[in-house]
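Have a look at data-v4.tsv; it's TSV, C-alpha atoms:
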```tsv
chain	number	residue	atom	x	y	z
A	177	MET	CA	26.75	4.02	-4.96
A	178	ALA	CA	26.87	7.73	-5.81
A	179	SER	CA	29.40	9.02	-8.29
A	180	PRO	CA	30.75	12.40	-7.16
A	181	GLY	CA	29.22	15.71	-8.22
A	182	SER	CA	25.81	17.20	-8.58
A	183	LYS	CA	22.85	14.83	-8.91
A	184	LYS	CA	19.54	15.26	-10.66
A	185	ILE	CA	16.79	13.98	-8.37
A	186	VAL	CA	13.16	13.69	-9.45
A	187	GLY	CA	10.28	13.14	-7.03
A	188	VAL	CA	6.79	12.08	-8.12
A	189	PHE	CA	4.07	12.82	-5.53
A	190	TYR	CA	0.37	13.65	-5.47
A	191	LYS	CA	-0.57	17.31	-5.75
A	192	ALA	CA	-2.17	18.98	-2.73
A	193	ASN	CA	-3.33	22.24	-4.35
A	194	GLU	CA	-5.47	24.23	-1.85
A	195	TYR	CA	-4.74	21.71	0.95
A	196	ALA	CA	-0.95	22.18	0.83
A	197	ALA	CA	-0.90	25.24	3.08
A	198	LEU	CA	-3.31	23.88	5.71
A	199	ASN	CA	-0.73	21.83	7.58
A	200	PRO	CA	2.99	22.67	7.89
A	201	ASN	CA	3.76	18.94	8.26
A	202	PHE	CA	2.04	18.03	4.97
A	203	VAL	CA	5.34	16.97	3.37
A	204	GLY	CA	4.23	14.03	1.22
A	205	CYS	CA	2.75	16.12	-1.61
A	206	VAL	CA	4.33	17.91	-4.62
A	207	GLU	CA	4.24	21.21	-2.72
A	208	GLY	CA	5.81	19.73	0.44
A	209	ALA	CA	8.35	17.77	-1.66
A	210	LEU	CA	9.29	15.69	1.45
A	211	GLY	CA	10.72	18.83	3.06
A	212	ILE	CA	14.14	18.21	1.50
A	213	ARG	CA	14.33	20.85	-1.25
A	214	ASP	CA	16.47	23.42	0.63
A	215	TRP	CA	18.80	20.71	1.90
A	216	LEU	CA	19.30	19.19	-1.58
A	217	GLU	CA	19.74	22.52	-3.37
A	218	SER	CA	22.17	23.82	-0.73
A	219	GLN	CA	24.37	20.83	-1.62
A	220	GLY	CA	24.28	21.70	-5.30
A	221	HIS	CA	21.82	19.02	-6.39
A	222	GLN	CA	18.92	19.61	-8.80
A	223	TYR	CA	15.51	18.60	-7.42
A	224	ILE	CA	12.42	18.43	-9.62
A	225	VAL	CA	9.00	17.39	-8.31
A	226	THR	CA	5.87	16.64	-10.29
A	227	ASP	CA	2.59	14.73	-10.19
A	228	ASP	CA	2.58	14.32	-13.99
A	229	LYS	CA	3.70	10.72	-14.40
A	230	GLU	CA	1.82	8.95	-17.21
A	231	GLY	CA	2.64	8.63	-20.85
A	232	PRO	CA	5.27	9.84	-23.33
A	233	ASN	CA	4.52	13.56	-22.90
A	234	SER	CA	4.49	13.60	-19.11
A	235	GLU	CA	6.84	15.78	-17.06
A	236	LEU	CA	8.43	12.63	-15.59
A	237	GLU	CA	9.19	11.22	-19.05
A	238	LYS	CA	11.14	14.38	-19.96
A	239	HIS	CA	13.57	13.79	-17.10
A	240	ILE	CA	13.99	10.00	-17.48
A	241	PRO	CA	17.05	10.21	-19.79
A	242	ASP	CA	19.25	12.18	-17.36
A	243	LEU	CA	17.97	11.73	-13.79
A	244	HIS	CA	20.21	9.98	-11.24
A	245	VAL	CA	17.65	9.33	-8.50
A	246	LEU	CA	13.89	8.82	-8.78
A	247	ILE	CA	11.74	9.09	-5.65
A	248	THR	CA	8.27	7.61	-6.04
A	249	THR	CA	5.38	6.89	-3.70
A	250	PRO	CA	2.72	4.14	-3.61
A	251	PHE	CA	-0.04	6.76	-3.17
A	252	HIS	CA	0.51	8.24	-6.64
A	253	PRO	CA	2.71	5.59	-8.24
A	254	ALA	CA	5.07	6.42	-11.07
A	255	TYR	CA	5.07	3.15	-13.01
A	256	VAL	CA	8.76	2.46	-13.64
A	257	THR	CA	8.61	0.02	-16.55
A	258	ALA	CA	11.48	-1.90	-18.19
A	259	GLU	CA	11.16	0.55	-21.09
A	260	ARG	CA	11.65	3.56	-18.79
A	261	ILE	CA	14.59	1.86	-17.09
A	262	LYS	CA	16.23	1.30	-20.49
A	263	LYS	CA	15.90	5.02	-21.32
A	264	ALA	CA	17.28	6.14	-17.95
A	265	LYS	CA	20.98	6.07	-18.77
A	266	ASN	CA	22.11	7.89	-15.59
A	267	LEU	CA	19.70	6.28	-13.15
A	268	GLN	CA	21.33	4.70	-10.09
A	269	LEU	CA	18.77	4.76	-7.31
A	270	LEU	CA	15.00	4.27	-7.02
A	271	LEU	CA	13.58	5.26	-3.64
A	272	THR	CA	10.02	4.56	-2.49
A	273	ALA	CA	8.71	7.17	-0.01
A	274	GLY	CA	6.52	4.68	1.84
A	275	ILE	CA	6.42	0.89	1.57
A	276	GLY	CA	5.73	-1.41	-1.38
A	277	SER	CA	7.82	-1.04	-4.54
A	278	ASP	CA	5.67	-3.10	-6.91
A	279	HIS	CA	5.12	-0.05	-9.19
A	280	ILE	CA	8.71	-0.68	-10.32
A	281	ASP	CA	9.62	-3.51	-12.69
A	282	LEU	CA	11.94	-5.08	-10.11
A	283	PRO	CA	13.55	-7.78	-12.30
A	284	ALA	CA	14.35	-5.07	-14.89
A	285	ALA	CA	15.81	-2.85	-12.16
A	286	ALA	CA	17.93	-5.77	-10.90
A	287	ALA	CA	19.14	-6.58	-14.43
A	288	ALA	CA	20.15	-2.92	-14.92
A	289	GLY	CA	22.17	-2.96	-11.68
A	290	LEU	CA	19.98	-0.35	-9.98
A	291	THR	CA	19.36	-0.05	-6.25
A	292	VAL	CA	15.71	0.00	-5.14
A	293	ALA	CA	14.94	0.84	-1.51
A	294	GLU	CA	11.93	1.84	0.57
A	295	VAL	CA	11.34	3.23	4.06
A	296	THR	CA	10.57	-0.10	5.71
A	297	GLY	CA	8.26	0.22	8.71
A	298	SER	CA	7.47	3.90	8.07
A	299	ASN	CA	3.71	3.51	7.79
A	300	VAL	CA	2.92	0.05	9.15
A	301	VAL	CA	1.01	1.35	12.20
A	302	SER	CA	-0.92	3.76	9.96
A	303	VAL	CA	-2.07	0.94	7.67
A	304	ALA	CA	-2.88	-1.53	10.48
A	305	GLU	CA	-5.05	1.06	12.30
A	306	ASP	CA	-6.86	1.79	9.05
A	307	GLU	CA	-7.52	-1.92	8.44
A	308	LEU	CA	-9.05	-2.24	11.91
A	309	MET	CA	-11.31	0.74	11.14
A	310	ARG	CA	-12.44	-0.85	7.86
A	311	ILE	CA	-13.21	-4.17	9.56
A	312	LEU	CA	-15.49	-2.36	12.03
A	313	ILE	CA	-17.09	-0.24	9.29
A	314	LEU	CA	-18.06	-3.42	7.40
A	315	VAL	CA	-19.03	-5.61	10.39
A	316	ARG	CA	-21.26	-2.92	11.91
A	317	ASN	CA	-22.77	-1.97	8.52
A	318	PHE	CA	-21.81	1.62	9.26
A	319	LEU	CA	-22.01	3.26	5.84
A	320	PRO	CA	-25.73	2.72	5.11
A	321	GLY	CA	-26.46	4.39	8.47
A	322	TYR	CA	-24.20	7.32	7.63
A	323	HIS	CA	-25.95	7.73	4.27
A	324	GLN	CA	-29.33	7.75	6.04
A	325	ALA	CA	-28.11	10.49	8.37
A	326	ILE	CA	-27.10	12.77	5.53
A	327	SER	CA	-30.08	12.02	3.29
A	328	GLY	CA	-32.73	12.70	5.95
A	329	GLU	CA	-33.83	9.07	6.36
A	330	TRP	CA	-34.34	6.98	9.50
A	331	ASN	CA	-34.63	3.24	8.96
A	332	VAL	CA	-33.00	1.18	11.71
A	333	ALA	CA	-34.03	-2.14	10.15
A	334	ALA	CA	-32.23	-1.37	6.90
A	335	ILE	CA	-28.96	-1.25	8.86
A	336	ALA	CA	-29.59	-3.75	11.68
A	337	HIS	CA	-30.50	-6.75	9.50
A	338	ARG	CA	-26.81	-7.15	8.63
A	339	ALA	CA	-24.92	-5.49	11.50
A	340	TYR	CA	-22.89	-7.77	13.78
A	341	ASP	CA	-20.42	-7.70	16.68
A	342	LEU	CA	-16.76	-8.28	15.87
A	343	GLU	CA	-16.38	-10.43	19.01
A	344	GLY	CA	-16.41	-14.14	18.28
A	345	LYS	CA	-15.86	-13.75	14.53
A	346	THR	CA	-13.04	-15.51	12.70
A	347	VAL	CA	-10.58	-13.08	11.10
A	348	GLY	CA	-7.88	-14.39	8.76
A	349	THR	CA	-4.98	-12.36	7.42
A	350	VAL	CA	-3.34	-13.36	4.16
A	351	GLY	CA	0.21	-12.34	5.02
A	352	ALA	CA	1.55	-11.67	8.50
A	353	GLY	CA	4.53	-9.43	7.99
A	354	ARG	CA	4.94	-6.14	9.84
A	355	ILE	CA	1.41	-4.87	9.10
A	356	GLY	CA	-0.31	-8.24	9.49
A	357	LYS	CA	1.25	-8.77	12.94
A	358	LEU	CA	0.27	-5.27	14.09
A	359	LEU	CA	-3.31	-5.87	12.94
A	360	LEU	CA	-3.50	-9.21	14.79
A	361	GLN	CA	-2.17	-7.55	17.97
A	362	ARG	CA	-4.82	-4.82	17.67
A	363	LEU	CA	-7.58	-7.40	17.10
A	364	LYS	CA	-6.67	-9.44	20.19
A	365	PRO	CA	-8.75	-7.36	22.68
A	366	PHE	CA	-11.84	-7.83	20.46
A	367	ASN	CA	-11.85	-11.56	21.34
A	368	CYS	CA	-11.92	-12.82	17.78
A	369	ASN	CA	-10.70	-16.14	16.48
A	370	LEU	CA	-7.45	-15.13	14.69
A	371	LEU	CA	-5.87	-17.03	11.79
A	372	TYR	CA	-2.94	-16.18	9.56
A	373	HIS	CA	-1.46	-17.55	6.35
A	374	ASP	CA	2.12	-16.64	5.49
A	375	ARG	CA	5.21	-18.18	3.92
A	376	LEU	CA	6.85	-17.94	7.35
A	377	LYS	CA	5.46	-19.16	10.67
A	378	MET	CA	5.69	-16.59	13.47
A	379	ASP	CA	8.04	-16.94	16.39
A	380	PRO	CA	6.12	-19.29	18.79
A	381	GLU	CA	6.29	-16.82	21.68
A	382	LEU	CA	4.78	-14.00	19.59
A	383	GLU	CA	2.20	-16.38	18.10
A	384	ASN	CA	1.20	-17.37	21.60
A	385	GLN	CA	1.07	-13.79	22.85
A	386	ILE	CA	-1.14	-12.70	19.91
A	387	GLY	CA	-3.22	-15.88	20.06
A	388	ALA	CA	-3.24	-16.40	16.29
A	389	LYS	CA	-3.22	-19.79	14.60
A	390	PHE	CA	-1.00	-20.53	11.57
A	391	GLU	CA	-2.75	-21.83	8.45
A	392	GLU	CA	-0.30	-23.34	5.99
A	393	ASP	CA	-2.88	-23.80	3.23
A	394	LEU	CA	-4.57	-20.58	2.08
A	395	ASP	CA	-7.50	-22.39	0.44
A	396	ALA	CA	-8.16	-24.31	3.68
A	397	MET	CA	-8.16	-21.08	5.70
A	398	LEU	CA	-10.54	-19.07	3.51
A	399	PRO	CA	-13.82	-20.98	4.18
A	400	LYS	CA	-13.23	-20.64	7.95
A	401	CYS	CA	-13.11	-16.83	7.85
A	402	ASP	CA	-15.91	-14.34	8.44
A	403	ILE	CA	-13.45	-11.56	7.62
A	404	ILE	CA	-10.38	-11.77	5.37
A	405	VAL	CA	-7.66	-9.10	5.37
A	406	ILE	CA	-5.05	-8.93	2.62
A	407	ASN	CA	-1.56	-8.15	3.95
A	408	THR	CA	0.80	-9.52	1.34
A	409	PRO	CA	3.07	-7.59	-1.04
A	410	LEU	CA	2.19	-7.59	-4.74
A	411	THR	CA	4.56	-10.02	-6.45
A	412	GLU	CA	4.31	-12.25	-9.51
A	413	LYS	CA	2.92	-14.95	-7.15
A	414	THR	CA	0.23	-12.75	-5.59
A	415	ARG	CA	-0.89	-10.83	-8.71
A	416	GLY	CA	-4.52	-11.86	-9.34
A	417	LEU	CA	-4.34	-14.25	-6.33
A	418	PHE	CA	-8.00	-13.56	-5.52
A	419	ASP	CA	-9.65	-14.52	-8.78
A	420	LYS	CA	-13.15	-15.85	-9.31
A	421	ASP	CA	-12.24	-19.38	-8.16
A	422	ARG	CA	-10.48	-18.31	-5.00
A	423	ILE	CA	-13.26	-15.90	-4.01
A	424	ALA	CA	-15.72	-18.79	-4.50
A	425	LYS	CA	-13.80	-20.72	-1.79
A	426	CYS	CA	-14.61	-18.01	0.76
A	427	LYS	CA	-17.64	-18.32	3.02
A	428	LYS	CA	-20.82	-16.81	1.52
A	429	GLY	CA	-21.25	-13.40	3.15
A	430	VAL	CA	-17.52	-12.91	3.77
A	431	LEU	CA	-16.15	-9.41	4.41
A	432	ILE	CA	-12.84	-8.52	2.73
A	433	VAL	CA	-10.44	-5.71	3.63
A	434	ASN	CA	-7.56	-4.98	1.26
A	435	ASN	CA	-5.10	-2.17	1.99
A	436	ALA	CA	-2.25	-4.14	0.39
A	437	ARG	CA	-2.42	-3.71	-3.41
A	438	GLY	CA	-5.37	-3.59	-5.80
A	439	ALA	CA	-3.83	-5.96	-8.36
A	440	ILE	CA	-3.80	-8.83	-5.83
A	441	MET	CA	-7.53	-9.02	-6.62
A	442	ASP	CA	-9.17	-9.72	-9.97
A	443	THR	CA	-11.08	-6.43	-10.30
A	444	GLN	CA	-14.14	-7.81	-12.07
A	445	ALA	CA	-14.33	-10.94	-9.88
A	446	VAL	CA	-14.58	-8.73	-6.77
A	447	ALA	CA	-17.28	-6.55	-8.34
A	448	ASP	CA	-19.26	-9.63	-9.42
A	449	ALA	CA	-18.98	-11.26	-5.98
A	450	CYS	CA	-20.19	-8.07	-4.27
A	451	SER	CA	-23.12	-7.88	-6.71
A	452	SER	CA	-24.11	-11.52	-6.13
A	453	GLY	CA	-23.78	-11.15	-2.34
A	454	HIS	CA	-21.13	-13.86	-2.07
A	455	VAL	CA	-18.92	-11.07	-0.71
A	456	ALA	CA	-21.09	-9.07	1.72
A	457	GLY	CA	-18.69	-6.15	1.99
A	458	TYR	CA	-15.38	-5.04	0.50
A	459	SER	CA	-13.25	-2.19	1.80
A	460	GLY	CA	-9.80	-0.94	0.97
A	461	ASP	CA	-7.78	2.00	-0.26
A	462	VAL	CA	-5.81	0.32	-3.05
A	463	TRP	CA	-6.87	0.09	-6.70
A	464	PHE	CA	-5.32	-0.84	-9.99
A	465	PRO	CA	-4.30	1.36	-11.68
A	466	GLN	CA	-3.86	4.44	-9.45
A	467	PRO	CA	-5.38	7.00	-9.58
A	468	ALA	CA	-8.43	4.82	-10.29
A	469	PRO	CA	-10.31	5.81	-13.46
A	470	LYS	CA	-13.81	7.27	-13.06
A	471	ASP	CA	-15.35	4.12	-14.53
A	472	HIS	CA	-13.50	1.66	-12.25
A	473	PRO	CA	-16.05	-1.07	-11.36
A	474	TRP	CA	-15.25	-0.90	-7.64
A	475	ARG	CA	-16.70	2.61	-7.49
A	476	TYR	CA	-20.13	1.25	-8.41
A	477	MET	CA	-20.35	-2.18	-6.78
A	478	PRO	CA	-22.76	-2.63	-3.84
A	479	ASN	CA	-21.66	-2.88	-0.18
A	480	HIS	CA	-18.23	-1.35	-0.60
A	481	ALA	CA	-16.36	1.05	1.66
A	482	MET	CA	-13.57	2.11	-0.68
A	483	THR	CA	-11.44	5.26	-0.45
A	484	PRO	CA	-8.51	6.59	-2.46
A	485	HIS	CA	-5.06	5.31	-1.35
A	486	ILE	CA	-4.81	7.09	1.99
A	487	SER	CA	-4.04	4.64	4.83
A	488	GLY	CA	-0.25	4.90	4.74
A	489	THR	CA	-0.01	8.64	4.05
A	490	THR	CA	-1.29	10.12	7.30
A	491	ILE	CA	0.71	13.17	8.41
A	492	ASP	CA	2.53	11.01	10.99
A	493	ALA	CA	3.48	8.49	8.29
A	494	GLN	CA	4.60	11.24	5.89
A	495	LEU	CA	7.01	12.65	8.48
A	496	ARG	CA	8.47	9.16	9.01
A	497	TYR	CA	8.89	8.30	5.33
A	498	ALA	CA	10.24	11.78	4.51
A	499	ALA	CA	12.89	11.37	7.25
A	500	GLY	CA	13.72	7.86	6.01
A	501	THR	CA	14.07	9.07	2.42
A	502	LYS	CA	16.38	11.90	3.51
A	503	ASP	CA	18.49	9.47	5.53
A	504	MET	CA	18.95	7.18	2.50
A	505	LEU	CA	19.83	10.10	0.21
A	506	GLU	CA	22.40	11.26	2.74
A	507	ARG	CA	23.94	7.76	2.83
A	508	TYR	CA	23.84	7.55	-0.98
A	509	PHE	CA	25.76	10.84	-1.36
A	510	LYS	CA	28.39	9.57	1.10
A	511	GLY	CA	28.59	6.12	-0.49
A	512	GLU	CA	27.28	4.39	2.65
A	513	GLU	CA	25.00	1.35	2.96
A	514	PHE	CA	21.28	1.70	3.75
A	515	PRO	CA	19.61	-0.11	6.68
A	516	SER	CA	19.50	-3.67	5.33
A	517	GLN	CA	15.71	-4.08	5.72
A	518	ASN	CA	15.16	-1.12	3.33
A	519	TYR	CA	16.69	-2.81	0.26
A	520	ILE	CA	14.27	-4.20	-2.30
A	521	VAL	CA	16.85	-4.62	-5.07
A	522	LYS	CA	20.55	-4.66	-4.25
A	523	GLU	CA	23.44	-5.77	-6.47
A	524	GLY	CA	21.12	-7.53	-8.90
A	525	LYS	CA	19.14	-9.43	-6.23
A	526	LEU	CA	15.50	-9.02	-5.17
A	527	ALA	CA	14.47	-8.96	-1.49
A	528	SER	CA	13.10	-12.31	-0.29
A	529	GLN	CA	9.45	-11.13	-0.21
A	530	TYR	CA	9.63	-10.38	-3.96
A	531	GLN	CA	11.43	-13.58	-4.99
```
Using the file provided, produce a representation of the structure as structure tokens.
Amino acid sequence: MASPGSKKIVGVFYKANEYAALNPNFVGCVEGALGIRDWLESQGHQYIVTDDKEGPNSELEKHIPDLHVLITTPFHPAYVTAERIKKAKNLQLLLTAGIGSDHIDLPAAAAAGLTVAEVTGSNVVSVAEDELMRILILVRNFLPGYHQAISGEWNVAAIAHRAYDLEGKTVGTVGAGRIGKLLLQRLKPFNCNLLYHDRLKMDPELENQIGAKFEEDLDAMLPKCDIIVINTPLTEKTRGLFDKDRIAKCKKGVLIVNNARGAIMDTQAVADACSSGHVAGYSGDVWFPQPAPKDHPWRYMPNHAMTPHISGTTIDAQLRYAAGTKDMLERYFKGEEFPSQNYIVKEGKLASQYQ
């Protein structure tokens, strides 16, 4: 835990520029700095925030050798490599403002005896709501209609020939942790056929209440699904999980929603499947790397409804993960334990979902 004295804390967030002043609760950006600057400085700590995170000449790199705590966020991820960990001689604590700590080399963090923690549960509702929105956007073929409205066209047939009801469709989630369960609960009133694949079977009572069926074998579930939603963390097991062969196992005309992590998909395989029509629509807010380069193939593939990484950084979510980050810093300064579900790496061990 914390050694006594003043700490150097670095936060890496996205920059809000002209949008920073438009909402007093916009705390998740560089300018908002999680709303903890005055509190940290009043206690004698040094707090540096930046959005400049890539490469040897970045602002972040300058502070790596002597920072004690690094706060990062999935929405503008500072990639904490084994090489950076080696250079960070004073580093004790890596905090993720949000959920999902795959931008950190977790085995290297464990080997170096670092603590990695995130604000578990802080934005699960935000992400699940967003997934539901994306499912409807794809099923109803919403975007071509929107584009017609702004470009002065009117062609009902061009939209209607591939617009469907969500009712009666089979929706499968790959992963049924906190977000997956919330999505299934929100889908229940739509009267879909709900399936889930996970390493753990749900509590029977909850499974019954949600009305979802457990599928032990992922490859057996995929051809049954009209819509597939990715809800698994990015781990060594799930990296590139949806490659060309696995996508080929999905039903022709499948719709895929991925708000989990971009690297779970093989980028080119998704673009090719959208181009061939095997995947009829793909929507998500996660890319690899982030920010996505201008020439990222997902920007140009047909039938997509992509956005930047936004689902878990609504203002409501920001307030929750800012409060959770402050709480963990407070505990760290006092040498207290964090809520157990927040630990991703503790005393050299990885959390079960990353093992």
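Distance check against Lys522 in chain A using all atoms listed in the file: of A:Leu269, A:Ile261, A:Val462, A:Ala352, the minimum falls on A:Leu269.
Across A:Ile280, A:Val206, A:Ile247, A:Ile432, the tightest approach to Arg260 in chain A is made by A:Ile280 when counting all atoms listed in the file.
Counting all atoms listed in the file, the residue from A:Asn233, A:Asn299, A:Gly351, A:Asp281 that sits nearest to Ile491 in chain A is A:Asn299.
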Quick one: residues within 12 Å of Ser516 in chain A, all atoms listed in the file, excluding same-chain residues fewer than 3 positions away - as a compact mmCIF listing (two decimals) with C-alpha atoms, in the frame of the given file?
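File part-v2.txt, as written:
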```
# COMPACT_ATOMS: atom_id res chain seq x y z
CA VAL A 292 15.71 0.00 -5.14
CA ALA A 293 14.94 0.84 -1.51
CA GLU A 294 11.93 1.84 0.57
CA VAL A 295 11.34 3.23 4.06
CA THR A 296 10.57 -0.10 5.71
CA MET A 504 18.95 7.18 2.50
CA GLU A 512 27.28 4.39 2.65
CA GLU A 513 25.00 1.35 2.96
CA TYR A 519 16.69 -2.81 0.26
CA ILE A 520 14.27 -4.20 -2.30
CA VAL A 521 16.85 -4.62 -5.07
CA LYS A 522 20.55 -4.66 -4.25
CA ALA A 527 14.47 -8.96 -1.49
```
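The residue that comes closest to Ser298 in chain A, out of A:Ile355, A:Ala284, A:Val203, A:Ala258 and on the basis of all atoms listed in the file, is A:Ile355.
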Exercise. Check the smallest atom-to-atom distance from each of A:Asn407, A:Gln529, A:Ser234, A:Asn434 to His373 in chain A using only C-alpha atoms, then report the winner.
Key: A:Asn407
Quiz prompt | All residues 12 Å or closer to Gly387 in chain A, only C-alpha atoms, same chain fewer than 5 positions away omitted, as a list in words | solution = Val347, Lys357, Leu360, Gln361, Arg362, Leu363, Lys364, Pro365, Phe366, Asn367, Cys368, Asn369, Leu370, Leu371, Tyr372, Met378, Asp379, Pro380, Glu381 and Leu382 of chain A
Let me see the file: selected residues, C-alpha atoms, as a PDB file, keeping the file's coordinate frame.
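Writing done, so here's again-v7.pdb:
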```pdb
ATOM      1  CA  VAL A 347     -10.580 -13.080  11.100  1.00  0.00           C
ATOM      2  CA  LYS A 357       1.250  -8.770  12.940  1.00  0.00           C
ATOM      3  CA  LEU A 360      -3.500  -9.210  14.790  1.00  0.00           C
ATOM      4  CA  GLN A 361      -2.170  -7.550  17.970  1.00  0.00           C
ATOM      5  CA  ARG A 362      -4.820  -4.820  17.670  1.00  0.00           C
ATOM      6  CA  LEU A 363      -7.580  -7.400  17.100  1.00  0.00           C
ATOM      7  CA  LYS A 364      -6.670  -9.440  20.190  1.00  0.00           C
ATOM      8  CA  PRO A 365      -8.750  -7.360  22.680  1.00  0.00           C
ATOM      9  CA  PHE A 366     -11.840  -7.830  20.460  1.00  0.00           C
ATOM     10  CA  ASN A 367     -11.850 -11.560  21.340  1.00  0.00           C
ATOM     11  CA  CYS A 368     -11.920 -12.820  17.780  1.00  0.00           C
ATOM     12  CA  ASN A 369     -10.700 -16.140  16.480  1.00  0.00           C
ATOM     13  CA  LEU A 370      -7.450 -15.130  14.690  1.00  0.00           C
ATOM     14  CA  LEU A 371      -5.870 -17.030  11.790  1.00  0.00           C
ATOM     15  CA  TYR A 372      -2.940 -16.180   9.560  1.00  0.00           C
ATOM     16  CA  MET A 378       5.690 -16.590  13.470  1.00  0.00           C
ATOM     17  CA  ASP A 379       8.040 -16.940  16.390  1.00  0.00           C
ATOM     18  CA  PRO A 380       6.120 -19.290  18.790  1.00  0.00           C
ATOM     19  CA  GLU A 381       6.290 -16.820  21.680  1.00  0.00           C
ATOM     20  CA  LEU A 382       4.780 -14.000  19.590  1.00  0.00           C
TER      21      LEU A 382
END
```
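When all atoms listed in the file are used to measure the gap to Thr349 in chain A, the shortest distance among A:Val256, A:Val303, A:Asp395, A:Thr408 belongs to A:Thr408.
Between CA of Leu431 in chain A and CA of Ser528 in chain A the separation is 29.8 Å.
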